[in-house]
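Below is one structure, written out as structure tokens; comments come after it.
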There are 2 protein chains.
Amino acid sequence: MATGRTHRPATRSRGIPEATVARLPLYLRALTALSERSVPTVSSEELAAAAGVNSAKLRKDFSYLGSYGTRGVGYDVEYLVYQISRELGLTQDWPVVIVGIGNLGAALANYGGFASRGFRVAALIDADPAMAGKPVAGIPVQHTDDLEKIIKDNGVSIGVIATPAGAAQQVCDRLVSAGVTSILNFAPTVLSVPDGVDVRKVDLSIELQILAFHEQRKAGEETAAGDIGSLPASTPRVAAADDSADQGPDGDVPAVMPA
Amino acid sequence: MATGRTHRPATRSRGIPEATVARLPLYLRALTALSERSVPTVSSEELAAAAGVNSAKLRKDFSYLGSYGTRGVGYDVEYLVYQISRELGLTQDWPVVIVGIGNLGAALANYGGFASRGFRVAALIDADPAMAGKPVAGIPVQHTDDLEKIIKDNGVSIGVIATPAGAAQQVCDRLVSAGVTSILNFAPTVLSVPDGVDVRKVDLSIELQILAFHEQRKAGEETAAGDIGSLPASTPRVAAADDSADQGPDGDVPAVMPA
DNA sequence: TGGTGTGAAGCGGTTCACAGCA
DNA sequence: TGCTGTGAACCGCTTCACACCA
């Protein structure tokens with residue numbers, strides 16, 4: 001099976017830890033909500049609660065961006081929204097192509113979150129000739145044959161793969177050779193890409209399996225505790241883990257689709 | 001905004017690190033593929049390549065499960081498949097409900113990965129009365145009013161939330177009070193749940209924003225390097241990060257849907 | 001006084017390197 | 001001889017605790 005990506009040679013992205021980068025979108029979302037309610041400032045405590053992290057972590061995260069807060073007061077909402085947007089590169093528009101317009105691809109195309117902030121669906125691509133020309137979410141589906149041309153004409157650097165597992169690596173190779181350098185992979189496959197290309201993975205079945213693991217553990221505890229004084233049964237609750245941070249290129253984390 | 005989950009009180013799940021648990025499904029998938037090709041044994045090196053990790057990590061992961069390998073030979077594929085399945089709790093069937101049958105919910109319902117291993121879509125639930133009775137993926141959609149009854153009648157402990165952000169917390173609360181203890185959340189919201197409930201998050205817009213961050217960095221490098229000897233421009237490539245491990249309950253990682 | 005910014009300690013995970021067994 | 005299993009070093013992230021400043 002293909003694979004063979006190198007591993008993160010450390011070298012934090014421009015000094016900002018990956019774990020922090022992975023949380024910036026979370027903060028941004030919370031800040032946007034505050035902004036819409038015209039809240040002028042927030043404390044690290046409040047914002048952390050809204051984003052689901054603890055305040056120490058949030059302050060540390062922001063410290064990597066610079067000193068954007070005011071001691072004794074908090075952070076200016078609008079200013080932070082701008083700074084984080086800029087840091088994430090959302091002040092520009094990223095054209096995105098979605099390859100594989102099945103149920104999932106269609107769902108992604110219809111997903112309103114794209115347009116809202118920095119992303120624009122530049123094209124939908126599918127291998128099925130019958131799909132060609134058919135509009136999905138108001139955008140006509142184009143055939144895979146034109147993939148390279150579409151990428152180049154639109155200056156696309158971010159691609160979303162929502163094809164079956166079997167087609168994913170091939171699509172990935174074509175995307176990369178056409179110039180795509182960031183890929184969001186929904187197919188349940190380990191993609192092999194050259195250095196310099198980022199791959200992030202979303203895998204539903206992996207997420208479910210992780211939940212099943214903890215679920216099983218809970219069930220085991222109950223039994224142990226319920227039985228007439230069997231064993232110590234002192235196993236602690238699952239409790240809450242935290243963020244999952246990055247997976248960077250190479251990809252290795254969660255994923256959505258077939259198993 | 002709601003939040004307020006405690007943070008992982010350490011206490012690794014039954015001695016197995018969360019990061020390892022998050023990789024077990026990956027190994028299982030690779031092993032299943034080998035099994036279908038009737039490969040009897042694999043070395044840590046081969047399996048690691050297929051799963052997209054390095055062999056030291058894989059061996060360390062397996063060492064938490066026990067000594068299932070044979071020195072000088074490798075691992076017995078069938079045996080490992082069984083052990084990992086058992087460890088993940090996939091030897092039993094987990095009934096799952098999907099709430100919110102929009103584009104995404106329908107895609108998830110049609111997703112074949114459920115049935116394949118340990119999961120079964122027990123019911124589809126939507127708030128739209130017009131959807132009630134309509135079959136999606138061969139399963140009739142039921143109305144939200146019956147949520148509690150559905151959960152209890154089917155003994156469901158795992159719920160998938162694919163509703164709009166605004167409805168997610170309410171749906172979550174109802175799922176939890178009906179007995180669900182593991183939630184996979186596709187809505188772009190930080191869910192607040194009591195202790196003992198696991199939440200995992202899948203958020204498309206967060207994934208895209210992380211990619212945009214790296215993409216921007218790459219572009220910056222090129223410019224810096226391309227310009228006529230401007231600055232040192234020694235910023236290293238993004239390179240590859242690795243897995244993203246767990247997010248455990250509380251949820252904090254990636255996610256799919258609106259922004 | 002109140003809340004940010006941050007050095008330092010703590011912790012989980014990864015990687016190394018090799019002992020040990022088939 | 002070859003590959004697993006694992007102690008130990010290493011590394012990055014999280015958490016603590018408090019100095020510092022509006």
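Residues are referred to by chain and number: the chain letter is A, B, ... according to the order shown in the structure tokens, the number counts from 1 in that chain, and ligands are numbered separately from 1 in the order shown.
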
When the cut-off is 8 Å and we count only C-alpha atoms (C1' of nucleotides), which residues of chain A are near chain D, given as number ranges by chain?
A: 19, 56-57, 70-73

Quick one: residues within 9 Å of Leu65 of chain A, only C-alpha atoms (C1' of nucleotides) counted, chain neighbours fewer than 6 positions away excluded, as an MDAnalysis selection string?
chainID A and resid 16 83:84 87

Hey, could you make a per-residue contact list for chain A against chain C with 12 Å as the cut-off, showing the nearest pair of atoms and its distance in Å to one decimal, counting only C-alpha atoms (C1' of nucleotides), sorted by chain and number, as CSV?
residue,atom,partner,partner_atom,distance
A:His7,CA,C:DT14,C1',10.9
A:Arg8,CA,C:DT14,C1',11.3
A:Ala10,CA,C:DT14,C1',11.8
A:Val42,CA,C:DG3,C1',10.5
A:Ser43,CA,C:DG3,C1',7.3
A:Ser44,CA,C:DG3,C1',8.1
A:Glu45,CA,C:DG3,C1',9.1
A:Glu46,CA,C:DG3,C1',11.5
A:Ser55,CA,C:DT4,C1',10.8
A:Ala56,CA,C:DG5,C1',10.2
A:Lys57,CA,C:DT6,C1',11.8
A:Leu58,CA,C:DT4,C1',11.0
A:Arg59,CA,C:DG5,C1',7.5
A:Lys60,CA,C:DG5,C1',7.9
A:Asp61,CA,C:DG5,C1',10.7
A:Phe62,CA,C:DG5,C1',9.3
A:Ser63,CA,C:DG5,C1',6.8
A:Tyr64,CA,C:DG5,C1',10.3
A:Leu65,CA,C:DG5,C1',11.7
A:Gly66,CA,C:DG5,C1',9.6
A:Ser67,CA,C:DG5,C1',7.6
A:Tyr68,CA,C:DT4,C1',9.3
A:Gly69,CA,C:DT4,C1',6.5
A:Thr70,CA,C:DT4,C1',6.4
A:Arg71,CA,C:DT4,C1',4.5
A:Gly72,CA,C:DG3,C1',4.1
A:Val73,CA,C:DG3,C1',6.1
A:Gly74,CA,C:DG3,C1',6.5
A:Tyr75,CA,C:DT4,C1',9.1
A:Ala241,CA,C:DG12,C1',11.9

Could you pull out all residues of segment 86-188 of chain A with a DSSP call of alpha helix (DSSP H) and give them as a PyMOL selection string?
chain A and resi 86-88+103-110+113-116+147-154+165-178

Would you output that residue set with N, CA, C and O atoms, as a tab-separated table (two decimals), in the first residue's frame?
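Saved file result.tsv follows:
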chain	number	residue	atom	x	y	z
A	86	ARG	N	-6.42	36.82	9.69
A	86	ARG	CA	-5.21	37.08	8.93
A	86	ARG	C	-4.21	35.94	9.13
A	86	ARG	O	-3.62	35.43	8.19
A	87	GLU	N	-4.06	35.55	10.36
A	87	GLU	CA	-3.11	34.47	10.68
A	87	GLU	C	-3.47	33.18	9.95
A	87	GLU	O	-2.61	32.45	9.47
A	88	LEU	N	-4.77	32.92	9.86
A	88	LEU	CA	-5.22	31.69	9.20
A	88	LEU	C	-5.27	31.83	7.68
A	88	LEU	O	-5.54	30.87	6.97
A	103	ASN	N	-23.20	11.09	-2.36
A	103	ASN	CA	-23.96	11.66	-1.26
A	103	ASN	C	-23.15	12.66	-0.46
A	103	ASN	O	-23.59	13.77	-0.18
A	104	LEU	N	-21.95	12.24	-0.11
A	104	LEU	CA	-21.11	13.10	0.71
A	104	LEU	C	-20.65	14.34	-0.04
A	104	LEU	O	-20.75	15.46	0.47
A	105	GLY	N	-20.17	14.14	-1.26
A	105	GLY	CA	-19.72	15.28	-2.06
A	105	GLY	C	-20.83	16.30	-2.22
A	105	GLY	O	-20.59	17.51	-2.11
A	106	ALA	N	-22.04	15.83	-2.45
A	106	ALA	CA	-23.17	16.74	-2.61
A	106	ALA	C	-23.43	17.48	-1.30
A	106	ALA	O	-23.72	18.68	-1.29
A	107	ALA	N	-23.32	16.75	-0.20
A	107	ALA	CA	-23.52	17.37	1.10
A	107	ALA	C	-22.50	18.48	1.32
A	107	ALA	O	-22.82	19.57	1.79
A	108	LEU	N	-21.27	18.20	0.94
A	108	LEU	CA	-20.21	19.19	1.12
A	108	LEU	C	-20.45	20.40	0.22
A	108	LEU	O	-20.26	21.54	0.63
A	109	ALA	N	-20.90	20.12	-1.01
A	109	ALA	CA	-21.16	21.22	-1.95
A	109	ALA	C	-22.26	22.13	-1.43
A	109	ALA	O	-22.23	23.35	-1.61
A	110	ASN	N	-23.23	21.52	-0.78
A	110	ASN	CA	-24.36	22.29	-0.26
A	110	ASN	C	-24.05	22.95	1.08
A	110	ASN	O	-24.82	23.78	1.55
A	113	GLY	N	-20.92	26.51	5.00
A	113	GLY	CA	-19.73	26.99	5.68
A	113	GLY	C	-18.60	27.42	4.76
A	113	GLY	O	-17.72	28.16	5.14
A	114	PHE	N	-18.64	26.96	3.53
A	114	PHE	CA	-17.59	27.33	2.59
A	114	PHE	C	-17.52	28.82	2.34
A	114	PHE	O	-16.54	29.49	2.65
A	115	ALA	N	-18.61	29.29	1.75
A	115	ALA	CA	-18.67	30.69	1.34
A	115	ALA	C	-18.46	31.63	2.52
A	115	ALA	O	-17.83	32.68	2.39
A	116	SER	N	-18.99	31.24	3.65
A	116	SER	CA	-18.98	32.13	4.80
A	116	SER	C	-17.61	32.70	5.13
A	116	SER	O	-17.49	33.85	5.51
A	147	LEU	N	-10.03	17.47	-15.05
A	147	LEU	CA	-9.51	17.83	-13.73
A	147	LEU	C	-8.33	18.79	-13.78
A	147	LEU	O	-8.34	19.86	-13.15
A	148	GLU	N	-7.32	18.40	-14.54
A	148	GLU	CA	-6.11	19.24	-14.58
A	148	GLU	C	-6.40	20.66	-15.07
A	148	GLU	O	-5.93	21.64	-14.49
A	149	LYS	N	-7.19	20.73	-16.11
A	149	LYS	CA	-7.52	22.05	-16.67
A	149	LYS	C	-8.28	22.90	-15.65
A	149	LYS	O	-8.01	24.10	-15.49
A	150	ILE	N	-9.22	22.27	-14.98
A	150	ILE	CA	-10.03	22.99	-13.99
A	150	ILE	C	-9.16	23.55	-12.87
A	150	ILE	O	-9.28	24.71	-12.48
A	151	ILE	N	-8.24	22.72	-12.38
A	151	ILE	CA	-7.34	23.14	-11.31
A	151	ILE	C	-6.53	24.35	-11.76
A	151	ILE	O	-6.45	25.35	-11.05
A	152	LYS	N	-5.96	24.23	-12.94
A	152	LYS	CA	-5.09	25.30	-13.40
A	152	LYS	C	-5.84	26.58	-13.74
A	152	LYS	O	-5.42	27.68	-13.37
A	153	ASP	N	-6.97	26.43	-14.42
A	153	ASP	CA	-7.74	27.61	-14.80
A	153	ASP	C	-8.21	28.40	-13.59
A	153	ASP	O	-8.34	29.63	-13.64
A	154	ASN	N	-8.50	27.69	-12.52
A	154	ASN	CA	-9.03	28.37	-11.35
A	154	ASN	C	-7.98	28.66	-10.27
A	154	ASN	O	-8.30	29.20	-9.23
A	165	ALA	N	-12.97	4.81	-1.74
A	165	ALA	CA	-11.59	4.56	-1.34
A	165	ALA	C	-10.70	4.17	-2.53
A	165	ALA	O	-9.57	4.64	-2.66
A	166	GLY	N	-11.24	3.34	-3.40
A	166	GLY	CA	-10.44	2.85	-4.50
A	166	GLY	C	-9.91	3.90	-5.44
A	166	GLY	O	-8.85	3.75	-6.04
A	167	ALA	N	-10.64	4.99	-5.56
A	167	ALA	CA	-10.24	6.03	-6.51
A	167	ALA	C	-9.40	7.13	-5.87
A	167	ALA	O	-8.79	7.95	-6.57
A	168	ALA	N	-9.36	7.15	-4.56
A	168	ALA	CA	-8.76	8.27	-3.85
A	168	ALA	C	-7.30	8.55	-4.19
A	168	ALA	O	-6.93	9.69	-4.48
A	169	GLN	N	-6.47	7.52	-4.17
A	169	GLN	CA	-5.05	7.76	-4.43
A	169	GLN	C	-4.81	8.30	-5.83
A	169	GLN	O	-4.01	9.21	-6.03
A	170	GLN	N	-5.55	7.76	-6.77
A	170	GLN	CA	-5.37	8.21	-8.15
A	170	GLN	C	-5.80	9.67	-8.31
A	170	GLN	O	-5.09	10.49	-8.91
A	171	VAL	N	-6.93	9.99	-7.73
A	171	VAL	CA	-7.42	11.37	-7.77
A	171	VAL	C	-6.40	12.28	-7.08
A	171	VAL	O	-6.07	13.36	-7.58
A	172	CYS	N	-5.92	11.82	-5.96
A	172	CYS	CA	-4.93	12.58	-5.20
A	172	CYS	C	-3.70	12.87	-6.07
A	172	CYS	O	-3.24	14.01	-6.15
A	173	ASP	N	-3.18	11.85	-6.74
A	173	ASP	CA	-2.01	12.02	-7.59
A	173	ASP	C	-2.26	13.07	-8.67
A	173	ASP	O	-1.41	13.92	-8.94
A	174	ARG	N	-3.44	12.99	-9.27
A	174	ARG	CA	-3.75	13.95	-10.34
A	174	ARG	C	-3.89	15.36	-9.79
A	174	ARG	O	-3.45	16.32	-10.41
A	175	LEU	N	-4.52	15.48	-8.64
A	175	LEU	CA	-4.67	16.80	-8.03
A	175	LEU	C	-3.30	17.40	-7.76
A	175	LEU	O	-3.02	18.55	-8.10
A	176	VAL	N	-2.44	16.58	-7.16
A	176	VAL	CA	-1.12	17.06	-6.80
A	176	VAL	C	-0.31	17.46	-8.03
A	176	VAL	O	0.31	18.52	-8.07
A	177	SER	N	-0.35	16.62	-9.05
A	177	SER	CA	0.48	16.96	-10.21
A	177	SER	C	-0.10	18.16	-10.96
A	177	SER	O	0.61	18.84	-11.69
A	178	ALA	N	-1.38	18.45	-10.71
A	178	ALA	CA	-1.96	19.63	-11.36
A	178	ALA	C	-1.69	20.90	-10.55
A	178	ALA	O	-1.99	22.00	-10.99

Report, in Å with one decimal, the straight-line distance from atom CA of Tyr111 of chain B to atom CA of Asp198 of chain A.
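We find that atom CA of Tyr111 of chain B and atom CA of Asp198 of chain A lie 25.7 Å from each other.
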